[in-house]
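Peer 1: There's a structure below that I have some questions on.
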Amino acid sequence: GENVEQHPSTLSVQEGDSAVIKCTYSDSASNYFPWYKQELGKGPQLIIDIRSNVGEKKDQRIAVTLNKTAKHFSLHITETQPEDSAVYFCAASNSGYALNFGKGTSLLVTP
Amino acid sequence: GAVVSQHPSRVICKSGTSVKIECRSLDFQATTMFWYRQFPKQSLMLMATSNEGSKATYEQGVEKDKFLINHASLTLSTLTVTSAHPEDSSFYICSAMTSGGVYNEQFFGPGTRLTVL
């Protein structure tokens, strides 16, 4: 089955700096890679996703890159703000099937 | 994005009782819904896949007689934790998958915090 590895497990940055979270996956059939933000006591919120037919996608301060050959994808958050502090999960799936989640990255943005 | 609700958001029950959690897709129809549980500071663990009108598919190690899943309509799936015990205390989260496209997005509910005394 699919195995998703996520690094780092914790990340602390100063407000205004960039944050990068990296994930690798094992199943070459995976073709959908979403990123979720989870705040304490809440359900995960989809913040950006990328399909296997593109290498990069950007939405304001958030971008995701995908390298299918190396089987890794990354989340980039620029100009971080304290409200970006949360746990971020990457996931991978073969469309139509359940998501396989990474273990999560706890991001802390300090003022 | 699409909206998924869960009810209740928090429930406390006595050991041995059963608890039902509802998951609803509010503005779209979901042929498939998923149930996850999450322990503190851990990732989401898939429990089962729920397809409308058919039996749920459970992940290895998840007792189907203990975690009853019903997906009676395209907007509602329920999870019933039967004869709950303290070790069933957890954060239960559902997700609903949009349908009709090649890549199907999943949208998550806000979760239900279950505490079994």
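Letters A, B, ... mark the chains of the structure tokens in the order given; residue numbers begin at 1 per chain; ligand numbers begin at 1, in order shown.
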Compile the contact shell of stretch 88-101 of chain A as number ranges by chain: residues with an atom at most 7 Å away, counting only C-alpha atoms, same-chain residues fewer than 4 positions apart removed.
Peer 2: A: 2, 4, 23, 29-38, 105-106; B: 43-44, 102-104
Peer 1: Excluding A:Gln81 and residues on its chain fewer than 5 positions from it, collect all residues at most 9 Å away from it, counting only C-alpha atoms, and give them as a PyMOL selection string.
Peer 2: chain A and resi 14-17+109-111
Peer 1: Got time to write the residues from that selection, C-alpha atoms, as an mmCIF file, in the first residue's frame?
Peer 2:
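Ended up saving to out.cif:
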data_model
loop_
_atom_site.group_PDB
_atom_site.id
_atom_site.type_symbol
_atom_site.label_atom_id
_atom_site.label_comp_id
_atom_site.auth_asym_id
_atom_site.auth_seq_id
_atom_site.Cartn_x
_atom_site.Cartn_y
_atom_site.Cartn_z
ATOM 1 C CA GLN A 14 9.568 33.865 12.629
ATOM 2 C CA GLU A 15 6.728 35.899 11.249
ATOM 3 C CA GLY A 16 7.466 36.919 7.686
ATOM 4 C CA ASP A 17 9.816 34.031 6.977
ATOM 5 C CA VAL A 109 4.966 31.114 13.620
ATOM 6 C CA THR A 110 6.339 33.442 16.269
ATOM 7 C CA PRO A 111 5.694 37.204 16.109
#
Peer 1: For chain B against chain A, with a cut-off of 12 Å and counting only C-alpha atoms, what is the closest atom pair and its distance in Å to one decimal for every residue that makes the cut, ordered by chain and number, as JSON lines?
Peer 2:
{"residue": "B:Gly1", "atom": "CA", "partner": "A:Leu46", "partner_atom": "CA", "distance": 8.4}
{"residue": "B:Ala2", "atom": "CA", "partner": "A:Leu46", "partner_atom": "CA", "distance": 10.0}
{"residue": "B:Val3", "atom": "CA", "partner": "A:Gln45", "partner_atom": "CA", "distance": 10.3}
{"residue": "B:Val4", "atom": "CA", "partner": "A:Gly43", "partner_atom": "CA", "distance": 9.9}
{"residue": "B:Ser5", "atom": "CA", "partner": "A:Gly43", "partner_atom": "CA", "distance": 10.0}
{"residue": "B:Gln6", "atom": "CA", "partner": "A:Gly43", "partner_atom": "CA", "distance": 9.9}
{"residue": "B:Ser9", "atom": "CA", "partner": "A:Lys42", "partner_atom": "CA", "distance": 9.5}
{"residue": "B:Arg10", "atom": "CA", "partner": "A:Gly41", "partner_atom": "CA", "distance": 10.3}
{"residue": "B:Ala30", "atom": "CA", "partner": "A:Gly96", "partner_atom": "CA", "distance": 11.8}
{"residue": "B:Thr31", "atom": "CA", "partner": "A:Gly96", "partner_atom": "CA", "distance": 10.5}
{"residue": "B:Thr32", "atom": "CA", "partner": "A:Gly96", "partner_atom": "CA", "distance": 8.9}
{"residue": "B:Met33", "atom": "CA", "partner": "A:Ala98", "partner_atom": "CA", "distance": 9.3}
{"residue": "B:Phe34", "atom": "CA", "partner": "A:Ala98", "partner_atom": "CA", "distance": 7.5}
{"residue": "B:Trp35", "atom": "CA", "partner": "A:Ala98", "partner_atom": "CA", "distance": 10.0}
{"residue": "B:Tyr36", "atom": "CA", "partner": "A:Leu99", "partner_atom": "CA", "distance": 10.5}
{"residue": "B:Arg37", "atom": "CA", "partner": "A:Gly43", "partner_atom": "CA", "distance": 10.8}
{"residue": "B:Gln38", "atom": "CA", "partner": "A:Gly43", "partner_atom": "CA", "distance": 10.0}
{"residue": "B:Phe39", "atom": "CA", "partner": "A:Gly41", "partner_atom": "CA", "distance": 11.3}
{"residue": "B:Pro40", "atom": "CA", "partner": "A:Gly41", "partner_atom": "CA", "distance": 9.8}
{"residue": "B:Lys41", "atom": "CA", "partner": "A:Gly104", "partner_atom": "CA", "distance": 8.6}
{"residue": "B:Gln42", "atom": "CA", "partner": "A:Lys103", "partner_atom": "CA", "distance": 6.5}
{"residue": "B:Ser43", "atom": "CA", "partner": "A:Lys103", "partner_atom": "CA", "distance": 4.9}
{"residue": "B:Leu44", "atom": "CA", "partner": "A:Phe101", "partner_atom": "CA", "distance": 6.8}
{"residue": "B:Met45", "atom": "CA", "partner": "A:Phe101", "partner_atom": "CA", "distance": 8.1}
{"residue": "B:Leu46", "atom": "CA", "partner": "A:Ala98", "partner_atom": "CA", "distance": 7.9}
{"residue": "B:Met47", "atom": "CA", "partner": "A:Ala98", "partner_atom": "CA", "distance": 10.4}
{"residue": "B:Ala48", "atom": "CA", "partner": "A:Ala98", "partner_atom": "CA", "distance": 9.2}
{"residue": "B:Thr49", "atom": "CA", "partner": "A:Ala98", "partner_atom": "CA", "distance": 7.6}
{"residue": "B:Ser50", "atom": "CA", "partner": "A:Ala98", "partner_atom": "CA", "distance": 10.6}
{"residue": "B:Asn51", "atom": "CA", "partner": "A:Tyr97", "partner_atom": "CA", "distance": 11.6}
{"residue": "B:Thr57", "atom": "CA", "partner": "A:Ala98", "partner_atom": "CA", "distance": 11.0}
{"residue": "B:Tyr58", "atom": "CA", "partner": "A:Ala98", "partner_atom": "CA", "distance": 11.6}
{"residue": "B:Glu59", "atom": "CA", "partner": "A:Ala98", "partner_atom": "CA", "distance": 10.7}
{"residue": "B:Ser90", "atom": "CA", "partner": "A:Gly41", "partner_atom": "CA", "distance": 11.3}
{"residue": "B:Phe91", "atom": "CA", "partner": "A:Gly41", "partner_atom": "CA", "distance": 8.5}
{"residue": "B:Tyr92", "atom": "CA", "partner": "A:Gly43", "partner_atom": "CA", "distance": 9.2}
{"residue": "B:Ile93", "atom": "CA", "partner": "A:Gly43", "partner_atom": "CA", "distance": 6.6}
{"residue": "B:Cys94", "atom": "CA", "partner": "A:Gly43", "partner_atom": "CA", "distance": 8.6}
{"residue": "B:Ser95", "atom": "CA", "partner": "A:Gly43", "partner_atom": "CA", "distance": 9.2}
{"residue": "B:Ala96", "atom": "CA", "partner": "A:Ala98", "partner_atom": "CA", "distance": 10.5}
{"residue": "B:Met97", "atom": "CA", "partner": "A:Gly96", "partner_atom": "CA", "distance": 8.3}
{"residue": "B:Thr98", "atom": "CA", "partner": "A:Gly96", "partner_atom": "CA", "distance": 9.4}
{"residue": "B:Ser99", "atom": "CA", "partner": "A:Gly96", "partner_atom": "CA", "distance": 8.4}
{"residue": "B:Gly100", "atom": "CA", "partner": "A:Gly96", "partner_atom": "CA", "distance": 10.1}
{"residue": "B:Gly101", "atom": "CA", "partner": "A:Ser95", "partner_atom": "CA", "distance": 9.2}
{"residue": "B:Val102", "atom": "CA", "partner": "A:Ser95", "partner_atom": "CA", "distance": 6.7}
{"residue": "B:Tyr103", "atom": "CA", "partner": "A:Ser95", "partner_atom": "CA", "distance": 5.0}
{"residue": "B:Asn104", "atom": "CA", "partner": "A:Gly96", "partner_atom": "CA", "distance": 5.9}
{"residue": "B:Glu105", "atom": "CA", "partner": "A:Pro34", "partner_atom": "CA", "distance": 8.3}
{"residue": "B:Gln106", "atom": "CA", "partner": "A:Leu46", "partner_atom": "CA", "distance": 8.0}
{"residue": "B:Phe107", "atom": "CA", "partner": "A:Leu46", "partner_atom": "CA", "distance": 6.9}
{"residue": "B:Phe108", "atom": "CA", "partner": "A:Pro44", "partner_atom": "CA", "distance": 6.0}
{"residue": "B:Gly109", "atom": "CA", "partner": "A:Gly43", "partner_atom": "CA", "distance": 5.7}
{"residue": "B:Pro110", "atom": "CA", "partner": "A:Gly43", "partner_atom": "CA", "distance": 4.1}
{"residue": "B:Gly111", "atom": "CA", "partner": "A:Gly43", "partner_atom": "CA", "distance": 5.3}
{"residue": "B:Thr112", "atom": "CA", "partner": "A:Lys42", "partner_atom": "CA", "distance": 8.8}
{"residue": "B:Arg113", "atom": "CA", "partner": "A:Gly41", "partner_atom": "CA", "distance": 8.3}
{"residue": "B:Leu114", "atom": "CA", "partner": "A:Gly41", "partner_atom": "CA", "distance": 11.9}
Peer 1: Extract, using only C-alpha atoms, all DNA, RNA and protein residues at most 9 Å from B:Ser54, discarding same-chain residues fewer than 4 positions from it, and format them as a list in words.
Peer 2: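 My reading of the contact set: Ser50, Asn70, His71 and Ala72 of chain B.
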Peer 1: Taking the backbone alone, and naming residues the way the document does, which bits of chain A are strand (DSSP E) by DSSP, as a ChimeraX atom specification?
Peer 2: /A:4-7,10-14,19-25,32-38,45-51,56-59,62-67,72-77,86-92,100-101,105-110
Peer 1: Using only C-alpha atoms, which residues sit within 12 Å of A:Lys58 once same-chain residues fewer than 4 positions away are excluded, as a PyMOL selection string?
Peer 2: chain A and resi 47-50+54+62-66+74-78
Peer 1: Determine, counting only C-alpha atoms, which protein, DNA and RNA residues have an atom within 6 Å of an atom of stretch 15-28 of chain B; residues of the same chain fewer than 4 positions away are not included. Present the result as a PDB file with C-alpha atoms, in the first residue's frame.
Peer 2:
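What ended up in selection24.pdb:
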ATOM      1  CA  VAL B   3     -19.206  22.007   3.580  1.00  0.00           C
ATOM      2  CA  VAL B   4     -19.401  18.904   5.741  1.00  0.00           C
ATOM      3  CA  SER B   5     -21.025  18.917   9.157  1.00  0.00           C
ATOM      4  CA  GLN B   6     -20.811  16.501  12.053  1.00  0.00           C
ATOM      5  CA  HIS B   7     -23.094  16.055  15.000  1.00  0.00           C
ATOM      6  CA  THR B  75     -25.748  13.380   2.058  1.00  0.00           C
ATOM      7  CA  LEU B  76     -25.703  11.390   5.293  1.00  0.00           C
ATOM      8  CA  SER B  77     -23.481   8.753   6.831  1.00  0.00           C
ATOM      9  CA  THR B  78     -23.617   7.644  10.460  1.00  0.00           C
ATOM     10  CA  LEU B  79     -21.068   5.962  12.687  1.00  0.00           C
ATOM     11  CA  THR B  80     -22.338   4.146  15.765  1.00  0.00           C
ATOM     12  CA  VAL B  81     -19.845   3.153  18.412  1.00  0.00           C
ATOM     13  CA  THR B  82     -21.479   0.217  20.152  1.00  0.00           C
ATOM     14  CA  SER B  83     -20.786  -0.787  23.746  1.00  0.00           C
ATOM     15  CA  ALA B  84     -18.266   1.994  24.070  1.00  0.00           C
ATOM     16  CA  HIS B  85     -15.263   1.605  26.377  1.00  0.00           C
ATOM     17  CA  VAL B 116     -16.114   7.330  27.385  1.00  0.00           C
ATOM     18  CA  LEU B 117     -16.112   7.306  31.164  1.00  0.00           C
TER      19      LEU B 117
END
Peer 1: Distance atom CA of B:Ser73-atom CA of B:Gln60, one decimal place?
Peer 2: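 Between atom CA of B:Ser73 and atom CA of B:Gln60 the gap is 25.4 Å.
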Peer 1: Under the rule that only C-alpha atoms are counted, which of A:Leu108, A:Asp27, A:Glu56, A:Thr69 is the nearest residue to A:Gly1?
Peer 2: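 Checking each candidate against A:Gly1, we get A:Asp27 as the closest.
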Peer 1: Just how far from atom CA of A:Val13 is atom CA of A:Gly55, in Å to one decimal?
Peer 2: 25.9 Å
